[in-house]
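What follows is one structure encoded as structure tokens, with my remarks underneath.
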Amino acid sequence: MEVKSYIPIDLEDCLGELGNENYWLFAGGTDLMIRKRQWHGASRKFVRPVMFINDLKELNGIESDDDYIYIKACNSLAEVYENDEAPEILKKAIVSMANPEIRNMATIGGNVANAAKVGDTLPVLFLLDARVELRSKNEKRIRKISDFIKGKYQTDLRKGELLYQIIIPKKEYDINMFYKVGSRQGDTLSKLSVSCTMNIENNFVNDFRVAFGAINNKSIRDRYIEEKLINKSVSEAEGLIYTVLNGYQDLLYGDNDKRSTKRYREETAIKILHKFLKEALNEK
């Protein structure tokens, strides 16, 4: 089956063509090729035309100012990992993904726009208060990533738009953890992941963040629960650990699937968070 394809010469050309036709955007292609798989050994099934955007210079590069880091959508995961200003917790997520060959091909924009429940950058970007900049021929929009991701494979991307860049506030974290559970050591898809950060100053918790991935159809973060520990002394925070754990337990509603059971995901995620909280608070 022939599939129409298009290679734009620049971003203006790309956005103009997107306004005329409903393309699949192809950058690294590592997620898209899996999603379009029919069965083992069969060719990929593309029912829409494909636009190749990976070589557009406007969609590559990482910049920063005093307040934010700006990661263009077609940067590979490896390029983000190697950047000095990329948040450490994001690097921890990236290095857990697939293998070096895939990380050299896969793009961070693709991992976000694909919106798979197992996308490992998503819970970390939720935790980091990241935003996405979306562009079309005549408009630019900026959305919180937590609003942009609607569910499994569902986003707020409109017809004629593409994901231009990811914007991450600059902030230092004293303690951070990304922990992923999968079936294999290499090339593994997440059964679940837990991302946590905490800052403690003068024996008080002044920041605390948690995000869960690959459990619900959308990454889980709840600022109300996080705030139960913020501005509490370490000893007060220790006394609230089970309140926090119970709060998150109520938010988890994963499904049984071929990789693991709902019960396993939920219980393991809470145990990982429990371990993080005890160790982080005991460090101080």
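Naming scheme: A, B, ... for chains in displayed order of the structure tokens; residues 1 onward per chain; ligands 1 onward as shown.
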Apply DSSP to the structure's backbone, then extract all residues of region 38-281 of chain A labelled strand (DSSP E or B) and return them as a PyMOL selection string. chain A and resi 50-52+62-64+68-72+76+107+131-135+140-144+149-151+154-155+162-169+175-182+190-201+204-213+220+232-233
Report as a short mmCIF file (atom, residue, chain, number, x, y, z; two decimals) with N, CA and C atoms, in the first residue's frame all protein, DNA and RNA residues lying within 7 Å of Arg135 (chain A), evaluated on only C-alpha atoms, omitting residues in the same chain fewer than 6 positions from it.
```cif
data_model
loop_
_atom_site.label_atom_id
_atom_site.label_comp_id
_atom_site.auth_asym_id
_atom_site.auth_seq_id
_atom_site.Cartn_x
_atom_site.Cartn_y
_atom_site.Cartn_z
N ARG A 141 0.25 28.17 21.27
CA ARG A 141 -0.41 27.93 22.56
C ARG A 141 0.58 27.31 23.52
N GLU A 161 -1.72 21.42 14.32
CA GLU A 161 -0.72 21.77 15.32
C GLU A 161 0.38 20.72 15.40
N LEU A 162 1.52 21.16 15.91
CA LEU A 162 2.56 20.23 16.34
C LEU A 162 3.11 20.68 17.68
N LEU A 163 3.74 19.75 18.36
CA LEU A 163 4.43 20.05 19.62
C LEU A 163 5.77 20.67 19.26
N TYR A 164 5.95 21.94 19.62
CA TYR A 164 7.16 22.68 19.25
C TYR A 164 8.28 22.50 20.27
#
```
Would you list, as a PyMOL selection string, the residues of region 53-122 of chain A that end up in helix (DSSP H, G or I) under DSSP run on this structure's backbone? chain A and resi 57-59+77-82+88-95+100-105+108-114+121-122
For the selection you just gave me, I'd like the residues written to a file as a CSV table (one decimal), in the first residue's frame, keeping N, CA and C atoms.
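And here is the file that came out, out.csv:
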```csv
chain,number,residue,atom,x,y,z
A,57,LYS,N,15.6,22.2,11.6
A,57,LYS,CA,16.5,22.8,12.6
A,57,LYS,C,15.7,23.5,13.7
A,58,GLU,N,14.5,24.1,13.3
A,58,GLU,CA,13.7,24.8,14.3
A,58,GLU,C,13.2,23.9,15.4
A,59,LEU,N,13.1,22.6,15.2
A,59,LEU,CA,12.6,21.7,16.1
A,59,LEU,C,13.7,20.9,16.9
A,77,LEU,N,16.2,11.6,23.0
A,77,LEU,CA,16.4,11.3,24.4
A,77,LEU,C,17.8,11.4,24.8
A,78,ALA,N,18.7,10.9,24.0
A,78,ALA,CA,20.2,10.9,24.3
A,78,ALA,C,20.7,12.3,24.4
A,79,GLU,N,20.2,13.2,23.5
A,79,GLU,CA,20.6,14.6,23.6
A,79,GLU,C,20.2,15.3,24.8
A,80,VAL,N,18.9,15.0,25.3
A,80,VAL,CA,18.5,15.6,26.5
A,80,VAL,C,19.3,15.1,27.7
A,81,TYR,N,19.6,13.8,27.7
A,81,TYR,CA,20.3,13.2,28.8
A,81,TYR,C,21.7,13.8,28.9
A,82,GLU,N,22.3,14.1,27.7
A,82,GLU,CA,23.7,14.6,27.7
A,82,GLU,C,23.8,16.1,28.0
A,88,GLU,N,18.1,16.5,36.7
A,88,GLU,CA,18.7,15.2,37.0
A,88,GLU,C,17.6,14.1,37.1
A,89,ILE,N,16.5,14.4,37.6
A,89,ILE,CA,15.4,13.3,37.6
A,89,ILE,C,14.9,12.9,36.3
A,90,LEU,N,14.9,13.9,35.3
A,90,LEU,CA,14.6,13.6,33.9
A,90,LEU,C,15.6,12.7,33.3
A,91,LYS,N,16.9,12.9,33.6
A,91,LYS,CA,18.0,12.1,33.1
A,91,LYS,C,17.9,10.7,33.6
A,92,LYS,N,17.5,10.5,34.9
A,92,LYS,CA,17.3,9.2,35.5
A,92,LYS,C,16.2,8.4,34.8
A,93,ALA,N,15.1,9.1,34.4
A,93,ALA,CA,14.1,8.4,33.6
A,93,ALA,C,14.5,8.0,32.3
A,94,ILE,N,15.2,9.0,31.6
A,94,ILE,CA,15.7,8.7,30.2
A,94,ILE,C,16.6,7.5,30.2
A,95,VAL,N,17.6,7.5,31.1
A,95,VAL,CA,18.6,6.4,31.0
A,95,VAL,C,18.0,5.0,31.3
A,100,PRO,N,20.7,2.2,24.3
A,100,PRO,CA,21.3,3.4,23.7
A,100,PRO,C,20.9,3.7,22.2
A,101,GLU,N,20.7,2.6,21.4
A,101,GLU,CA,20.3,2.8,20.0
A,101,GLU,C,19.0,3.5,19.9
A,102,ILE,N,18.0,3.0,20.7
A,102,ILE,CA,16.7,3.6,20.7
A,102,ILE,C,16.7,5.0,21.2
A,103,ARG,N,17.5,5.3,22.3
A,103,ARG,CA,17.5,6.6,22.9
A,103,ARG,C,18.2,7.6,21.9
A,104,ASN,N,19.0,7.1,21.0
A,104,ASN,CA,19.6,8.0,20.0
A,104,ASN,C,18.6,8.4,18.9
A,105,MET,N,17.6,7.6,18.8
A,105,MET,CA,16.5,7.8,17.7
A,105,MET,C,15.3,8.5,18.3
A,108,ILE,N,12.1,13.3,22.6
A,108,ILE,CA,11.3,13.6,23.8
A,108,ILE,C,9.9,14.1,23.4
A,109,GLY,N,9.8,14.8,22.3
A,109,GLY,CA,8.5,15.3,21.8
A,109,GLY,C,7.6,14.1,21.4
A,110,GLY,N,8.2,13.1,20.8
A,110,GLY,CA,7.4,11.9,20.5
A,110,GLY,C,6.9,11.2,21.7
A,111,ASN,N,7.8,11.1,22.7
A,111,ASN,CA,7.4,10.4,23.9
A,111,ASN,C,6.2,11.1,24.6
A,112,VAL,N,6.2,12.5,24.5
A,112,VAL,CA,5.1,13.2,25.1
A,112,VAL,C,3.9,13.2,24.2
A,113,ALA,N,4.0,13.5,22.9
A,113,ALA,CA,2.9,13.5,22.0
A,113,ALA,C,2.2,12.2,21.8
A,114,ASN,N,3.0,11.1,21.9
A,114,ASN,CA,2.4,9.8,21.8
A,114,ASN,C,1.4,9.5,23.0
A,121,THR,N,9.0,9.6,30.4
A,121,THR,CA,9.2,11.0,30.6
A,121,THR,C,8.0,11.7,31.2
A,122,LEU,N,6.8,11.2,31.0
A,122,LEU,CA,5.6,11.9,31.3
A,122,LEU,C,5.4,12.2,32.8
```
Which neighbours of region 225-239 of chain A fall inside 10 Å, counting only C-alpha atoms, when residues of the same chain fewer than 3 positions from it are skipped, and could you give them as an NGL selection string? :A and (198-210 or 221-222 or 242-248 or 277-278 or 280-284)
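Reported to one decimal place, the separation of CA of Thr107 (chain A) from CA of Leu11 (chain A) is 17.1 Å.
Closest approach to Gly254 (chain A) among A:Tyr179, A:Phe276, A:Phe52, A:Phe212 is made by A:Phe212 (distances from only C-alpha atoms).
Across A:Asp84, A:Asp255, A:Glu172, A:Glu17, the tightest approach to Asn217 (chain A) is made by A:Asp255 when counting only C-alpha atoms.
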Can you list, as a compact mmCIF listing (two decimals) with C-alpha atoms, in the first residue's frame, every protein, DNA or RNA residue that comes within 8 Å of Ile71 (chain A) when you count only C-alpha atoms, leaving out same-chain residues fewer than 4 positions away?
```
# COMPACT_ATOMS: atom_id res chain seq x y z
CA ASN A 60 16.11 20.75 17.37
CA GLY A 61 18.22 22.29 20.09
CA ILE A 62 18.09 23.00 23.81
CA GLU A 63 18.16 26.55 25.19
CA ASN A 75 15.76 16.42 20.42
CA VAL A 80 18.45 15.57 26.52
CA GLN A 165 8.98 22.52 22.58
CA ILE A 166 8.85 21.49 26.22
CA ILE A 167 9.40 24.20 28.82
```
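Closest approach to Ala116 (chain A) among A:Ser146, A:Ser193, A:Asn138, A:Gln154: A:Gln154, based on only C-alpha atoms.
Using only C-alpha atoms, the smallest distance between any of A:Ile69, A:Ile142, A:Ile220, A:Ala98 and Leu127 (chain A) comes from A:Ile220.
Distances from A:Lys262, A:Lys72, A:Lys152, A:Lys159 to Val132 (chain A) were compared using only C-alpha atoms, and the smallest one belongs to A:Lys72.
The neighbours of Thr268 (chain A) here are the residues that come within 9 Å of it, using only C-alpha atoms and leaving out any residue fewer than 4 positions away in the same chain; they are A:Val181, A:Leu192, A:Arg263, A:Tyr264, A:Ile272, A:Leu273.
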Export of the given selection (N, CA and C atoms) as an mmCIF file, in the first residue's frame:
```
data_model
loop_
_atom_site.group_PDB
_atom_site.id
_atom_site.type_symbol
_atom_site.label_atom_id
_atom_site.label_comp_id
_atom_site.auth_asym_id
_atom_site.auth_seq_id
_atom_site.Cartn_x
_atom_site.Cartn_y
_atom_site.Cartn_z
ATOM 1 N N VAL A 181 9.719 -0.197 37.477
ATOM 2 C CA VAL A 181 9.620 -1.651 37.570
ATOM 3 C C VAL A 181 9.196 -2.186 36.205
ATOM 4 N N LEU A 192 5.271 -0.012 36.139
ATOM 5 C CA LEU A 192 4.939 1.167 36.924
ATOM 6 C C LEU A 192 6.214 1.966 37.130
ATOM 7 N N ARG A 263 -3.382 -5.126 41.327
ATOM 8 C CA ARG A 263 -2.951 -5.168 42.736
ATOM 9 C C ARG A 263 -1.440 -5.025 42.845
ATOM 10 N N TYR A 264 -0.710 -5.727 41.976
ATOM 11 C CA TYR A 264 0.750 -5.641 42.029
ATOM 12 C C TYR A 264 1.220 -4.208 41.780
ATOM 13 N N ILE A 272 7.187 1.622 47.185
ATOM 14 C CA ILE A 272 8.332 2.415 46.709
ATOM 15 C C ILE A 272 8.271 3.828 47.288
ATOM 16 N N LEU A 273 7.091 4.423 47.271
ATOM 17 C CA LEU A 273 6.943 5.763 47.849
ATOM 18 C C LEU A 273 7.230 5.736 49.348
#
```
